>>> print(open('query.txt').read())   # compact mmCIF, C-alpha atoms and all ligand atoms
# COMPACT_ATOMS: atom_id res chain seq x y z
CA MET A 1 91.27 88.60 108.12
CA GLU A 2 93.49 91.17 106.38
CA LYS A 3 93.00 94.77 107.39
CA GLU A 4 91.04 96.83 104.86
CA ILE A 5 92.53 100.17 103.90
CA LYS A 6 91.61 102.97 101.51
CA ILE A 7 93.83 104.46 98.84
CA TRP A 8 93.17 106.89 96.00
CA ILE A 9 94.44 106.51 92.44
CA ASP A 10 93.93 109.67 90.37
CA GLY A 11 91.13 110.57 92.78
CA THR A 12 89.36 107.20 92.59
CA GLU A 13 88.82 105.66 96.00
CA ILE A 14 89.84 102.02 96.33
CA THR A 15 89.39 99.63 99.20
CA THR A 16 92.19 97.12 99.39
CA SER A 17 94.25 95.24 101.94
CA LYS A 18 97.50 96.11 103.60
CA ASN A 19 99.79 93.47 102.13
CA LYS A 20 99.22 94.46 98.48
CA THR A 21 101.41 96.46 96.15
CA ILE A 22 99.99 99.51 94.37
CA LEU A 23 100.06 97.55 91.12
CA GLU A 24 98.08 94.66 92.59
CA ALA A 25 95.50 97.00 94.12
CA ALA A 26 95.15 98.85 90.81
CA LYS A 27 94.76 95.60 88.82
CA GLU A 28 92.04 94.33 91.14
CA ASN A 29 90.14 97.54 90.50
CA ASN A 30 90.64 97.55 86.73
CA ILE A 31 92.98 100.52 86.81
CA TYR A 32 95.74 100.14 84.27
CA ILE A 33 99.35 100.81 85.21
CA PRO A 34 101.78 99.80 82.45
CA THR A 35 104.29 97.03 83.20
CA LEU A 36 107.04 95.19 81.37
CA CYS A 37 109.31 93.40 83.83
CA TYR A 38 106.49 92.50 86.23
CA PHE A 39 105.12 88.96 85.92
CA VAL A 40 102.23 87.69 87.99
CA ASN A 41 103.13 85.44 90.96
CA THR A 42 106.84 86.30 90.81
CA GLU A 43 108.80 88.68 92.98
CA PRO A 44 108.93 92.14 91.36
CA LYS A 45 112.42 93.54 90.83
CA ALA A 46 111.68 96.98 89.34
CA ASN A 47 113.95 96.54 86.33
CA CYS A 48 112.04 98.52 83.73
CA ARG A 49 110.50 101.46 85.69
CA ILE A 50 107.57 101.72 83.26
CA CYS A 51 105.13 101.34 86.18
CA THR A 52 106.38 104.54 87.81
CA ILE A 53 103.65 106.45 89.65
CA MET A 54 103.82 109.51 91.89
CA ILE A 55 103.06 109.93 95.57
CA ASN A 56 103.64 113.34 97.16
CA ASN A 57 105.78 114.40 94.20
CA ARG A 58 107.98 111.34 94.58
CA MET A 59 108.38 108.82 91.79
CA LEU A 60 108.03 105.19 92.89
CA THR A 61 107.50 101.89 91.09
CA ALA A 62 103.97 100.57 91.52
CA CYS A 63 105.09 96.93 91.25
CA THR A 64 107.29 97.13 94.35
CA THR A 65 105.61 99.79 96.51
CA PRO A 66 103.16 98.47 99.12
CA VAL A 67 99.89 100.29 99.66
CA ALA A 68 99.34 102.25 102.87
CA ASP A 69 96.13 103.64 104.31
CA GLY A 70 95.21 107.06 102.89
CA MET A 71 97.80 106.93 100.09
CA GLU A 72 97.11 109.33 97.21
CA ILE A 73 98.62 108.04 94.01
CA GLN A 74 98.97 109.76 90.66
CA ASN A 75 99.04 107.43 87.69
CA ASN A 76 97.90 109.63 84.88
CA THR A 77 99.77 112.91 84.51
CA GLU A 78 101.61 114.54 81.61
CA GLU A 79 104.90 114.05 83.43
CA LEU A 80 104.31 110.32 83.92
CA THR A 81 103.13 109.87 80.35
CA ASP A 82 106.30 111.53 79.09
CA LEU A 83 108.50 109.50 81.43
CA ARG A 84 106.89 106.24 80.32
CA LYS A 85 107.19 107.27 76.70
CA SER A 86 110.89 108.07 77.19
CA ILE A 87 111.45 104.60 78.70
CA ILE A 88 109.82 103.00 75.65
CA GLU A 89 111.96 105.16 73.36
CA LEU A 90 115.13 104.18 75.21
CA LEU A 91 114.27 100.51 74.85
CA PHE A 92 113.71 100.98 71.13
CA VAL A 93 116.97 102.86 70.46
CA SER A 94 119.14 100.60 72.60
CA GLY A 95 118.11 97.45 70.70
CA ASN A 96 117.18 96.60 67.15
CA HIS A 97 113.42 96.15 66.98
CA PHE A 98 112.32 95.21 63.48
CA CYS A 99 108.60 94.94 64.11
CA PRO A 100 107.37 94.18 60.58
CA THR A 101 109.38 90.95 60.42
CA CYS A 102 108.89 89.86 64.01
CA GLU A 103 106.82 86.79 64.83
CA LYS A 104 105.69 88.54 68.02
CA SER A 105 104.33 91.62 66.22
CA GLY A 106 100.79 92.25 67.46
CA ASN A 107 101.47 90.16 70.56
CA CYS A 108 104.42 92.31 71.70
CA GLU A 109 103.99 94.41 74.83
CA LEU A 110 106.77 96.84 73.89
CA GLN A 111 105.22 97.49 70.48
CA ALA A 112 101.77 97.86 72.06
CA LEU A 113 103.14 100.37 74.58
CA ALA A 114 104.84 102.32 71.79
CA TYR A 115 101.44 102.64 70.14
CA LYS A 116 99.79 103.55 73.43
CA TYR A 117 102.28 106.33 74.12
CA LYS A 118 102.23 107.44 70.47
CA MET A 119 105.94 106.98 69.88
CA LEU A 120 106.93 108.26 66.47
CA VAL A 121 110.60 109.31 66.29
CA PRO A 122 112.48 108.60 69.52
CA ARG A 123 114.14 111.64 71.13
CA PHE A 124 117.35 109.63 71.61
CA PRO A 125 119.72 108.57 68.83
CA TYR A 126 119.51 104.97 67.64
CA GLU A 127 122.47 102.94 68.85
CA PHE A 128 122.19 100.12 66.28
CA PRO A 129 124.12 97.76 68.55
CA HIS A 130 125.67 94.63 67.15
CA LYS A 131 123.68 91.76 68.66
CA GLN A 132 123.76 88.00 68.35
CA MET A 133 121.16 85.41 67.44
CA ILE A 134 121.53 82.31 69.63
CA GLY A 135 119.79 79.19 68.46
CA LYS A 136 122.08 76.26 67.96
CA GLY A 137 120.95 72.93 69.41
CA SER A 138 117.66 73.94 70.98
CA LYS A 139 113.98 74.46 70.23
CA ILE A 140 114.20 78.23 70.60
CA LEU A 141 115.84 81.11 68.83
CA LYS A 142 117.07 83.78 71.25
CA ASP A 143 117.27 87.05 69.35
CA GLN A 144 119.44 89.46 71.35
CA ASN A 145 118.39 92.35 69.10
CA ARG A 146 114.99 92.39 70.78
CA CYS A 147 115.78 91.52 74.38
CA ILE A 148 114.84 94.25 76.85
CA ALA A 149 116.49 92.44 79.81
CA CYS A 150 113.26 92.31 81.80
CA LYS A 151 114.32 88.90 83.22
CA ARG A 152 110.82 87.43 83.02
CA CYS A 153 112.30 84.34 81.31
CA ILE A 154 114.82 83.86 84.12
CA LYS A 155 112.11 84.12 86.76
CA THR A 156 109.48 81.93 85.13
CA ILE A 157 111.10 79.33 82.86
CA LYS A 158 112.42 76.46 84.96
CA ASP A 159 112.43 72.67 84.83
CA LYS A 160 110.72 70.41 87.39
CA LYS A 161 113.72 70.67 89.71
CA GLY A 162 113.61 74.47 89.59
CA ARG A 163 116.67 74.80 87.35
CA ARG A 164 116.56 77.83 85.10
CA TYR A 165 116.85 77.80 81.31
CA PHE A 166 117.97 81.43 81.08
CA ALA A 167 120.70 83.35 82.89
CA THR A 168 122.46 86.72 83.00
CA LYS A 169 125.78 87.37 81.29
CA TYR A 170 127.95 90.45 81.97
CA ARG A 171 126.76 93.34 84.13
CA GLY A 172 125.65 96.95 83.94
CA TYR A 173 125.32 98.40 80.46
CA LYS A 174 126.63 95.17 78.92
CA LEU A 175 124.08 92.97 80.72
CA GLU A 176 122.62 90.25 78.52
CA ILE A 177 120.06 87.55 79.14
CA VAL A 178 121.15 84.33 77.49
CA PRO A 179 120.00 80.72 77.37
CA ASP A 180 121.96 78.38 79.63
CA GLU A 181 124.01 76.41 77.12
CA GLU A 182 123.38 72.96 78.60
CA MET A 183 119.86 73.46 80.01
CA ILE A 184 118.45 74.91 76.80
CA LYS A 185 119.31 71.73 74.87
CA THR A 186 116.78 69.88 77.04
CA ILE A 187 113.86 72.35 76.84
CA SER A 188 110.56 70.68 75.91
CA GLU A 189 108.19 71.91 73.19
CA GLU A 190 105.76 73.02 75.87
CA THR A 191 108.32 74.96 77.92
CA ALA A 192 109.73 76.54 74.76
CA GLN A 193 106.23 77.81 73.95
CA GLN A 194 105.81 79.07 77.50
CA ALA A 195 109.15 80.92 77.24
CA MET A 196 108.00 82.56 74.04
CA ASP A 197 104.65 83.51 75.58
CA ASN A 198 106.18 84.90 78.79
CA CYS A 199 108.69 87.11 76.94
CA PRO A 200 107.05 90.52 76.46
CA VAL A 201 108.86 91.05 73.14
CA GLY A 202 110.09 88.80 70.33
CA SER A 203 113.41 87.81 71.87
CA ILE A 204 112.40 84.18 72.45
CA ILE A 205 110.93 82.52 69.40
CA LYS A 206 109.92 78.88 69.29
CA LYS A 207 111.47 77.39 66.19
CA GLU A 208 109.76 75.76 63.22
CA ILE A 209 106.22 77.07 63.58
CA GLY A 210 105.87 80.63 62.36
CA PHE A 211 103.01 83.06 61.83
CA ASN A 212 100.44 80.50 62.97
CA MET A 213 98.26 83.37 64.10
CA PRO A 214 97.66 85.72 61.17
CA ILE A 215 98.59 89.39 61.55
CA GLY A 216 95.41 91.30 62.33
CA THR A 217 94.08 88.63 64.68
CA ARG A 218 96.73 89.00 67.39
CA LYS A 219 96.18 90.18 70.94
CA PHE A 220 96.96 93.88 70.56
CA ASP A 221 95.69 94.04 66.96
CA LYS A 222 92.24 93.61 68.43
CA THR A 223 92.49 95.48 71.73
CA PRO A 224 95.14 98.11 72.55
CA ILE A 225 97.20 97.44 75.66
CA GLY A 226 95.62 98.71 78.85
CA LYS A 227 92.03 98.56 77.56
S1 LIG B 1 114.36 87.22 76.53
FE1 LIG B 1 112.37 88.23 76.75
S2 LIG B 1 111.69 87.63 78.80
FE2 LIG B 1 113.89 87.22 78.73
S3 LIG B 1 114.86 89.09 79.49
FE3 LIG B 1 114.79 89.30 77.26
S4 LIG B 1 112.88 90.40 76.89
FE4 LIG B 1 112.73 89.63 78.98
S1 LIG B 2 106.86 96.69 85.94
FE1 LIG B 2 107.44 97.81 87.70
S2 LIG B 2 109.50 98.28 87.29
FE2 LIG B 2 108.98 97.01 85.60
>>> encode(input="query.txt", output="structure tokens", more="lines below")
Ligand code: SF4
Ligand code: FES
Amino acid sequence: MEKEIKIWIDGTEITTSKNKTILEAAKENNIYIPTLCYFVNTEPKANCRICTIMINNRMLTACTTPVADGMEIQNNTEELTDLRKSIIELLFVSGNHFCPTCEKSGNCELQALAYKYKMLVPRFPYEFPHKQMIGKGSKILKDQNRCIACKRCIKTIKDKKGRRYFATKYRGYKLEIVPDEEMIKTISEETAQQAMDNCPVGSIIKKEIGFNMPIGTRKFDKTPIGK
């Protein structure tokens, strides 16, 4: 049996077990910590930093930090709210996010977080980068304007042999997540839908069926993220 330990999140006592991350312990206790790159049952890589929490004045990512007995975690402070908001703003200015025309609007985690953190005008200048649309010869359209490089598609979208449909291209600031040219030609309808669903934004769109779910009835239209 796993050893039970106690931690505190914003003063709330939680009993959990030793091998959990802070994010997992919080989730099990219905405490919301925002995430973007995290995807359940995959190894967290701390790409986005939106899940940053504080322990003893140190900022750490909740998705990668294991719990320890007696840990006192801050998840809801002005500083963290502002940091998380600034991450959302950076993601908005470094891409081209045209929400009103996006099939994922209302189901988009980035948009929902922008609402949650009350983003109006980002504090950073818009970069308006020149981005590609990649769609030839497959069932999906990969819109690079909206990709936030969270890598959830790389981690979760594979064929039966474990081969990945998405890959990285370039490094550092130029990093892009692109479909594998050969693999993507073979993607099934079902996997294409899964890729679209697992992407937190509208960067992977399954072709041909659009706006099946009317605006106003989508996930975050009904319930704000984190509620
Ligand atoms: S396509 Fe979507 S899931 Fe893949 S890295 Fe970009 S934002 Fe993340
Ligand atoms: S969700 Fe933890 S770093 Fe992205």
>>> residues_near_point(input="query.txt", point="(110.5, 92.9, 99.3)", cutoff="9 Å", atoms="all atoms listed in the file", output="VMD selection string")
chain A and resid 43 to 45 64 to 65
>>> closest_residue(input="query.txt", among="A:Leu120, A:Cys150, A:Met183, A:Leu83", to="ligand LIG 2 (chain B)", atoms="all atoms listed in the file")
A:Cys150
>>> closest_residue(input="query.txt", among="A:Asn76, A:Thr223, A:Thr35, A:Thr217", to="ligand LIG 1 (chain B)", atoms="only C-alpha atoms and all ligand atoms")
A:Thr35
>>> atom_distance(input="query.txt", atom1="CA of Asn198 in chain A", atom2="atom FE4 of ligand LIG 1 (chain B)")
8.1 Å
>>> closest_residue(input="query.txt", among="A:Lys118, A:Ala149, A:Gly106, A:Gly11", to="ligand LIG 2 (chain B)", atoms="all atoms listed in the file")
A:Ala149
>>> residues_around(input="query.txt", residues="Cys48 in chain A", least_positions_apart="6", cutoff="10 Å", atoms="all atoms listed in the file", output="ChimeraX atom specification")
/A:35-38,61,84,87-88,91,148-151
